[in-house]
Amino acid sequence: MIVENVLAPNPGIYTGPGTNTYLVADRGEIAVLDAGPTIDRHLLAIVEAIGDRQPVAVIATHTHADHAPLSNPLALRLGVPVHGYQPGPAFEPDLRVRDGQEIAVGGVALEAVYTPGHASDHLCFRLGGRLFTGDHIMGGSTVVMEDAAAYLESLYRVQALGVDRLEPGHGAPMDDAGRVIADYIDHRLAREREIIDAVGAGATTIDAVVDAVYSLVPPDLREAATHQVIVQMIKLKADGEVRFSAGAVGPSTMVELIAES
Ligand SMILES: [Zn+2]
């Protein structure tokens with residue numbers, strides 16, 4: 001069994017060097033994981049990398065624009081089915097993959113691990129001691145969350161798998177997976193604590209919390225930092241740590257701690 005990476009030509013602040021399109025090959029068969037964005041020369045690079053091996057599947061970890069949209073055009077070209085959790089923008093899976101389901105490639109299998117949080121339709125895939133993490137865990141950058149409670153839960157899920165190596169959707173592979181995952185969990189819990197402390201120290205709005213917790217964030221990432229605080233604040237509200245007014249949560253939303261009794 002071998003794993004190859006065809007880097008998509010889409011570098012950026014959220015994509016690092018670009019999206020990693022993984023090829024998992026065994027006994028002459030090959031599966032493509034995260035075809036990436038619809039860029040013609042990336043499709044050609046993938047087809048060329050496959051060579052004379054027999055493609056069996058195109059699989060998407062989640063439906064974000066930098067991971068999934070090339071899946072259908074590539075699968076059409078290769079004559080194989082598209083696997084994914086659910087349809088999304090420019091993404092229509094032929095087969096809906098659920099937690100624990102296996103996709104066979106030669107004599108090995110990719111096992112789906114449902115990991116919502118970064119996206120509600122996110123799957124990681126386990127291959128022996130490796131885990132393809134998509135955007136659940138990235139090489140060298142913080143993951144933007146859609147749901148902070150689900151995200152933390154999914155980190156505990158992948159921690160329990162006990163894998164050795166992480167193959168992320170962006171950035172370099174990471175050995176010592178246990179330490180990396182533990183660091184991600186610690187980072188999330190530390191951010192929660194910083195948010196609670198910021199509110200305790202007098203930050204009365206989401207914006208003031210962003211100032212306190214993400215003071216070193218460059219201006220072009222301010223919006224992303226605000227988003228992170230909002231989703232973490234929603235989790236802290238559900239946890240009974242903070243309260244804020246009803247309605248859409250935004251930068252000017254007032255927040256306060258719920259006093260422990
Ligand atoms: Zn993503």
# chains A, B, ... in the order shown; residues from 1 in each chain; ligands from 1
>>> residues_near_ligand(ligand="ligand 1", cutoff="7 Å", atoms="only C-alpha atoms and all ligand atoms", output="PyMOL selection string")
chain A and resi 62+64+66-67+118-119+135
>>> residues_around(residues="Arg165 of chain A", least_positions_apart="5", cutoff="8 Å", atoms="only C-alpha atoms", output="short mmCIF file (atom, residue, chain, number, x, y, z; two decimals) with C-alpha atoms, in the first residue's frame")
data_model
loop_
_atom_site.label_atom_id
_atom_site.label_comp_id
_atom_site.auth_asym_id
_atom_site.auth_seq_id
_atom_site.Cartn_x
_atom_site.Cartn_y
_atom_site.Cartn_z
CA GLY A 129 -2.28 3.55 11.73
CA ARG A 130 -2.90 6.63 9.61
CA LEU A 131 -5.72 9.11 9.66
CA PRO A 173 1.93 14.97 7.39
CA MET A 174 2.38 14.73 11.17
CA ASP A 175 3.90 11.80 12.99
CA ASP A 176 3.34 11.57 16.75
CA ALA A 177 -0.40 11.91 16.13
#
>>> residues_around(residues="Gly51 of chain A", least_positions_apart="2", cutoff="12 Å", atoms="only C-alpha atoms", output="list of chain:residue names")
A:Leu23, A:Ala25, A:Gly28, A:Glu29, A:Ile30, A:Leu44, A:Ala45, A:Ile46, A:Val47, A:Glu48, A:Ala49, A:Arg53, A:Gln54, A:Pro55, A:Leu78
>>> closest_residue(among="A:His83, A:Arg41, A:Arg193, A:His136", to="Ser120 of chain A", atoms="only C-alpha atoms")
A:His136
>>> residues_around(residues="segment 241-254 of chain A", least_positions_apart="6", cutoff="7 Å", atoms="only C-alpha atoms", output="PyMOL selection string")
chain A and resi 204-207+230
>>> closest_residue(among="A:Leu155, A:Val3, A:Leu236, A:Ala8", to="Tyr22 of chain A", atoms="only C-alpha atoms")
A:Val3
>>> closest_residue(among="A:Leu43, A:Ala31, A:Val97, A:Ala150", to="Leu7 of chain A", atoms="only C-alpha atoms")
A:Leu43
>>> residues_around(residues="Gly134 of chain A", least_positions_apart="6", cutoff="10 Å", atoms="only C-alpha atoms", output="count of residues only")
20
>>> closest_residue(among="A:Glu223, A:Glu256, A:Glu4, A:Asp183", to="Ala203 of chain A", atoms="only C-alpha atoms")
A:Glu256
>>> atom_distance(atom1="atom CA of Glu92 of chain A", atom2="atom CA of Ile59 of chain A")
11.1 Å
>>> select_by_dssp(residues="segment 87-257 of chain A", states="strand (DSSP E or B)", output="MDAnalysis selection string")
chainID A and resid 88 91 95:96 102:105 108:114 123:127 130:134 165:168 174:175 205 242:244 254:257
>>> write_last_selection(atoms="C-alpha atoms", output="short mmCIF file (atom, residue, chain, number, x, y, z; two decimals), in the first residue's frame")
data_model
loop_
_atom_site.label_atom_id
_atom_site.label_comp_id
_atom_site.auth_asym_id
_atom_site.auth_seq_id
_atom_site.Cartn_x
_atom_site.Cartn_y
_atom_site.Cartn_z
CA GLY A 88 -22.86 20.28 -1.20
CA PHE A 91 -20.70 18.23 -5.17
CA LEU A 95 -22.64 6.97 -2.46
CA ARG A 96 -23.37 8.49 0.96
CA GLU A 102 -15.28 1.08 4.76
CA ILE A 103 -14.19 1.81 1.20
CA ALA A 104 -12.02 -1.00 -0.20
CA VAL A 105 -8.88 -0.24 -2.25
CA VAL A 108 -6.89 -2.38 2.26
CA ALA A 109 -9.81 -0.24 3.35
CA LEU A 110 -10.42 3.40 4.22
CA GLU A 111 -12.71 3.57 7.25
CA ALA A 112 -14.91 6.66 7.59
CA VAL A 113 -14.89 8.50 10.92
CA TYR A 114 -17.64 11.08 11.24
CA LEU A 123 -15.39 12.76 7.56
CA CYS A 124 -11.86 11.66 8.44
CA PHE A 125 -10.63 8.37 6.98
CA ARG A 126 -8.55 5.83 8.87
CA LEU A 127 -6.14 3.57 7.01
CA ARG A 130 -2.90 6.63 9.61
CA LEU A 131 -5.72 9.11 9.66
CA PHE A 132 -6.57 11.36 6.73
CA THR A 133 -7.85 14.37 8.63
CA GLY A 134 -9.21 16.67 5.90
CA ARG A 165 0.27 9.49 11.72
CA LEU A 166 -1.97 12.30 10.48
CA GLU A 167 -2.30 13.17 6.79
CA PRO A 168 -3.98 16.60 6.71
CA MET A 174 2.38 14.73 11.17
CA ASP A 175 3.90 11.80 12.99
CA THR A 205 -19.06 42.50 23.81
CA VAL A 242 -21.97 32.75 29.75
CA ARG A 243 -25.21 34.40 28.71
CA PHE A 244 -26.00 36.86 25.95
CA MET A 254 -23.32 41.87 24.84
CA VAL A 255 -21.92 38.99 26.90
CA GLU A 256 -21.64 38.29 30.62
CA LEU A 257 -20.54 35.43 32.82
#
>>> closest_atom_pairs(of="segment 6-43 of chain A", to="segment 144-147 of chain A", cutoff="12 Å", atoms="only C-alpha atoms", output="Markdown table")
| residue | atom | partner | partner_atom | distance |
| --- | --- | --- | --- | --- |
| A:Ile13 | CA | A:Val144 | CA | 11.6 |
| A:Tyr14 | CA | A:Val144 | CA | 8.7 |
| A:Thr15 | CA | A:Val144 | CA | 11.2 |
>>> select_by_dssp(residues="segment 180-254 of chain A", states="alpha helix (DSSP H)", output="PyMOL selection string")
chain A and resi 180-200+206-213+222-238
>>> residues_around(residues="Leu152 of chain A", least_positions_apart="5", cutoff="12 Å", atoms="only C-alpha atoms", output="list in words")
Thr115, Pro116, Gly117, His118, His136, Ile137, Val143, Met145, Glu146, Asp147, Arg157, Val158, Gln159, Ile181, Ala182, Asp183, Tyr184, Ile185, Asp186, His187, Arg188, Leu189, Arg191, Glu192, Val231, Gln232 and Lys235 of chain A
>>> write_last_selection(atoms="N, CA and C atoms", output="mmCIF file, in the first residue's frame")
data_model
loop_
_atom_site.group_PDB
_atom_site.id
_atom_site.type_symbol
_atom_site.label_atom_id
_atom_site.label_comp_id
_atom_site.auth_asym_id
_atom_site.auth_seq_id
_atom_site.Cartn_x
_atom_site.Cartn_y
_atom_site.Cartn_z
ATOM 1 N N THR A 115 -16.696 13.253 11.759
ATOM 2 C CA THR A 115 -16.040 14.250 12.604
ATOM 3 C C THR A 115 -16.581 15.655 12.326
ATOM 4 N N PRO A 116 -17.853 15.911 12.684
ATOM 5 C CA PRO A 116 -18.398 17.259 12.465
ATOM 6 C C PRO A 116 -17.696 18.277 13.363
ATOM 7 N N GLY A 117 -17.772 19.548 12.969
ATOM 8 C CA GLY A 117 -17.174 20.616 13.776
ATOM 9 C C GLY A 117 -16.603 21.690 12.863
ATOM 10 N N HIS A 118 -15.588 21.321 12.059
ATOM 11 C CA HIS A 118 -15.104 22.247 11.021
ATOM 12 C C HIS A 118 -16.220 22.445 10.005
ATOM 13 N N HIS A 136 -10.138 18.702 9.603
ATOM 14 C CA HIS A 136 -10.381 18.550 11.048
ATOM 15 C C HIS A 136 -9.104 18.874 11.822
ATOM 16 N N ILE A 137 -7.986 18.439 11.299
ATOM 17 C CA ILE A 137 -6.677 18.797 11.851
ATOM 18 C C ILE A 137 -5.807 19.179 10.663
ATOM 19 N N VAL A 143 -7.748 25.509 12.871
ATOM 20 C CA VAL A 143 -8.915 25.126 12.087
ATOM 21 C C VAL A 143 -10.074 26.074 12.372
ATOM 22 N N MET A 145 -13.815 26.797 12.834
ATOM 23 C CA MET A 145 -14.900 25.916 13.273
ATOM 24 C C MET A 145 -16.263 26.437 12.855
ATOM 25 N N GLU A 146 -17.154 25.506 12.549
ATOM 26 C CA GLU A 146 -18.555 25.843 12.299
ATOM 27 C C GLU A 146 -19.323 25.649 13.613
ATOM 28 N N ASP A 147 -18.919 24.647 14.397
ATOM 29 C CA ASP A 147 -19.581 24.305 15.653
ATOM 30 C C ASP A 147 -18.503 23.862 16.649
ATOM 31 N N ARG A 157 -12.922 12.098 19.632
ATOM 32 C CA ARG A 157 -13.185 10.888 18.824
ATOM 33 C C ARG A 157 -11.922 10.408 18.123
ATOM 34 N N VAL A 158 -11.224 11.313 17.451
ATOM 35 C CA VAL A 158 -10.033 10.886 16.713
ATOM 36 C C VAL A 158 -8.899 10.539 17.681
ATOM 37 N N GLN A 159 -8.874 11.184 18.839
ATOM 38 C CA GLN A 159 -7.862 10.839 19.844
ATOM 39 C C GLN A 159 -8.019 9.371 20.258
ATOM 40 N N ILE A 181 -2.840 15.695 18.440
ATOM 41 C CA ILE A 181 -4.269 15.772 18.787
ATOM 42 C C ILE A 181 -4.443 16.345 20.194
ATOM 43 N N ALA A 182 -3.590 15.898 21.127
ATOM 44 C CA ALA A 182 -3.664 16.425 22.503
ATOM 45 C C ALA A 182 -3.408 17.934 22.502
ATOM 46 N N ASP A 183 -2.467 18.398 21.663
ATOM 47 C CA ASP A 183 -2.197 19.835 21.569
ATOM 48 C C ASP A 183 -3.413 20.594 21.027
ATOM 49 N N TYR A 184 -4.087 20.008 20.039
ATOM 50 C CA TYR A 184 -5.295 20.642 19.497
ATOM 51 C C TYR A 184 -6.360 20.777 20.592
ATOM 52 N N ILE A 185 -6.547 19.715 21.363
ATOM 53 C CA ILE A 185 -7.550 19.743 22.442
ATOM 54 C C ILE A 185 -7.160 20.792 23.480
ATOM 55 N N ASP A 186 -5.876 20.786 23.875
ATOM 56 C CA ASP A 186 -5.403 21.772 24.861
ATOM 57 C C ASP A 186 -5.609 23.196 24.356
ATOM 58 N N HIS A 187 -5.321 23.402 23.057
ATOM 59 C CA HIS A 187 -5.461 24.733 22.473
ATOM 60 C C HIS A 187 -6.918 25.209 22.542
ATOM 61 N N ARG A 188 -7.845 24.304 22.197
ATOM 62 C CA ARG A 188 -9.269 24.677 22.240
ATOM 63 C C ARG A 188 -9.710 25.001 23.663
ATOM 64 N N LEU A 189 -9.294 24.166 24.627
ATOM 65 C CA LEU A 189 -9.692 24.397 26.018
ATOM 66 C C LEU A 189 -9.054 25.679 26.554
ATOM 67 N N ARG A 191 -8.266 28.342 24.756
ATOM 68 C CA ARG A 191 -9.003 29.463 24.155
ATOM 69 C C ARG A 191 -10.320 29.702 24.902
ATOM 70 N N GLU A 192 -11.017 28.629 25.242
ATOM 71 C CA GLU A 192 -12.267 28.775 26.014
ATOM 72 C C GLU A 192 -11.996 29.501 27.323
ATOM 73 N N VAL A 231 -18.443 31.265 17.660
ATOM 74 C CA VAL A 231 -18.823 29.844 17.783
ATOM 75 C C VAL A 231 -18.412 29.281 19.147
ATOM 76 N N GLN A 232 -17.289 29.780 19.683
ATOM 77 C CA GLN A 232 -16.899 29.317 21.026
ATOM 78 C C GLN A 232 -17.843 29.880 22.086
ATOM 79 N N LYS A 235 -20.901 27.807 22.253
ATOM 80 C CA LYS A 235 -20.642 26.593 23.042
ATOM 81 C C LYS A 235 -20.654 26.923 24.532
#
>>> atom_distance(atom1="atom CA of Gly79 of chain A", atom2="atom CA of Asp52 of chain A")
13.8 Å
>>> atom_distance(atom1="atom CA of Asp40 of chain A", atom2="atom CA of Val24 of chain A")
21.3 Å
>>> decode(residues="segment 223-255 of chain A", atoms="N, CA and C atoms", output="short mmCIF file (atom, residue, chain, number, x, y, z; two decimals), in the first residue's frame")
data_model
loop_
_atom_site.label_atom_id
_atom_site.label_comp_id
_atom_site.auth_asym_id
_atom_site.auth_seq_id
_atom_site.Cartn_x
_atom_site.Cartn_y
_atom_site.Cartn_z
N GLU A 223 -11.78 38.97 10.88
CA GLU A 223 -13.12 38.41 10.67
C GLU A 223 -13.15 36.94 11.09
N ALA A 224 -12.10 36.20 10.73
CA ALA A 224 -12.03 34.79 11.10
C ALA A 224 -11.93 34.64 12.62
N ALA A 225 -11.16 35.52 13.26
CA ALA A 225 -11.02 35.47 14.72
C ALA A 225 -12.37 35.76 15.38
N THR A 226 -13.10 36.73 14.85
CA THR A 226 -14.43 37.06 15.38
C THR A 226 -15.36 35.86 15.25
N HIS A 227 -15.29 35.21 14.09
CA HIS A 227 -16.09 34.01 13.86
C HIS A 227 -15.77 32.94 14.92
N GLN A 228 -14.47 32.73 15.17
CA GLN A 228 -14.06 31.71 16.14
C GLN A 228 -14.62 32.03 17.53
N VAL A 229 -14.54 33.33 17.93
CA VAL A 229 -15.05 33.72 19.25
C VAL A 229 -16.56 33.48 19.31
N ILE A 230 -17.26 33.82 18.23
CA ILE A 230 -18.72 33.64 18.23
C ILE A 230 -19.08 32.16 18.41
N VAL A 231 -18.44 31.26 17.66
CA VAL A 231 -18.82 29.84 17.78
C VAL A 231 -18.41 29.28 19.15
N GLN A 232 -17.29 29.78 19.68
CA GLN A 232 -16.90 29.32 21.03
C GLN A 232 -17.84 29.88 22.09
N MET A 233 -18.31 31.11 21.88
CA MET A 233 -19.24 31.74 22.82
C MET A 233 -20.56 30.97 22.83
N ILE A 234 -21.00 30.51 21.64
CA ILE A 234 -22.24 29.73 21.56
C ILE A 234 -22.08 28.43 22.34
N LYS A 235 -20.90 27.81 22.25
CA LYS A 235 -20.64 26.59 23.04
C LYS A 235 -20.65 26.92 24.53
N LEU A 236 -20.00 28.03 24.92
CA LEU A 236 -19.93 28.39 26.34
C LEU A 236 -21.32 28.71 26.89
N LYS A 237 -22.17 29.27 26.04
CA LYS A 237 -23.56 29.52 26.46
C LYS A 237 -24.26 28.19 26.72
N ALA A 238 -24.09 27.25 25.79
CA ALA A 238 -24.71 25.92 25.94
C ALA A 238 -24.15 25.21 27.18
N ASP A 239 -22.88 25.47 27.49
CA ASP A 239 -22.25 24.86 28.68
C ASP A 239 -22.69 25.54 29.98
N GLY A 240 -23.43 26.65 29.85
CA GLY A 240 -23.88 27.37 31.05
C GLY A 240 -22.83 28.28 31.66
N GLU A 241 -21.82 28.66 30.87
CA GLU A 241 -20.74 29.52 31.39
C GLU A 241 -21.04 31.02 31.19
N VAL A 242 -21.69 31.34 30.05
CA VAL A 242 -21.97 32.75 29.75
C VAL A 242 -23.42 32.90 29.31
N ARG A 243 -23.90 34.13 29.31
CA ARG A 243 -25.21 34.40 28.71
C ARG A 243 -25.07 35.61 27.81
N PHE A 244 -25.91 35.66 26.77
CA PHE A 244 -26.00 36.86 25.95
C PHE A 244 -27.40 36.97 25.39
N SER A 245 -27.69 38.18 24.88
CA SER A 245 -29.05 38.47 24.42
C SER A 245 -29.45 37.58 23.25
N ALA A 246 -30.78 37.38 23.08
CA ALA A 246 -31.30 36.55 22.00
C ALA A 246 -31.06 37.22 20.66
N GLY A 247 -31.25 36.46 19.59
CA GLY A 247 -31.09 37.01 18.25
C GLY A 247 -29.74 36.64 17.67
N ALA A 248 -29.49 37.15 16.47
CA ALA A 248 -28.25 36.82 15.78
C ALA A 248 -27.05 37.31 16.59
N VAL A 249 -26.05 36.44 16.73
CA VAL A 249 -24.86 36.80 17.49
C VAL A 249 -23.87 37.48 16.56
N GLY A 250 -23.41 38.66 16.94
CA GLY A 250 -22.45 39.40 16.11
C GLY A 250 -21.44 40.12 16.98
N PRO A 251 -20.58 40.92 16.34
CA PRO A 251 -19.51 41.60 17.08
C PRO A 251 -19.99 42.46 18.25
N SER A 252 -21.19 43.06 18.11
CA SER A 252 -21.66 43.97 19.17
C SER A 252 -22.54 43.29 20.21
N THR A 253 -22.74 41.98 20.08
CA THR A 253 -23.55 41.25 21.08
C THR A 253 -22.93 41.39 22.47
N MET A 254 -23.78 41.72 23.46
CA MET A 254 -23.32 41.87 24.84
C MET A 254 -23.19 40.49 25.49
N VAL A 255 -22.12 40.28 26.22
CA VAL A 255 -21.92 38.99 26.90
C VAL A 255 -21.63 39.21 28.39
#
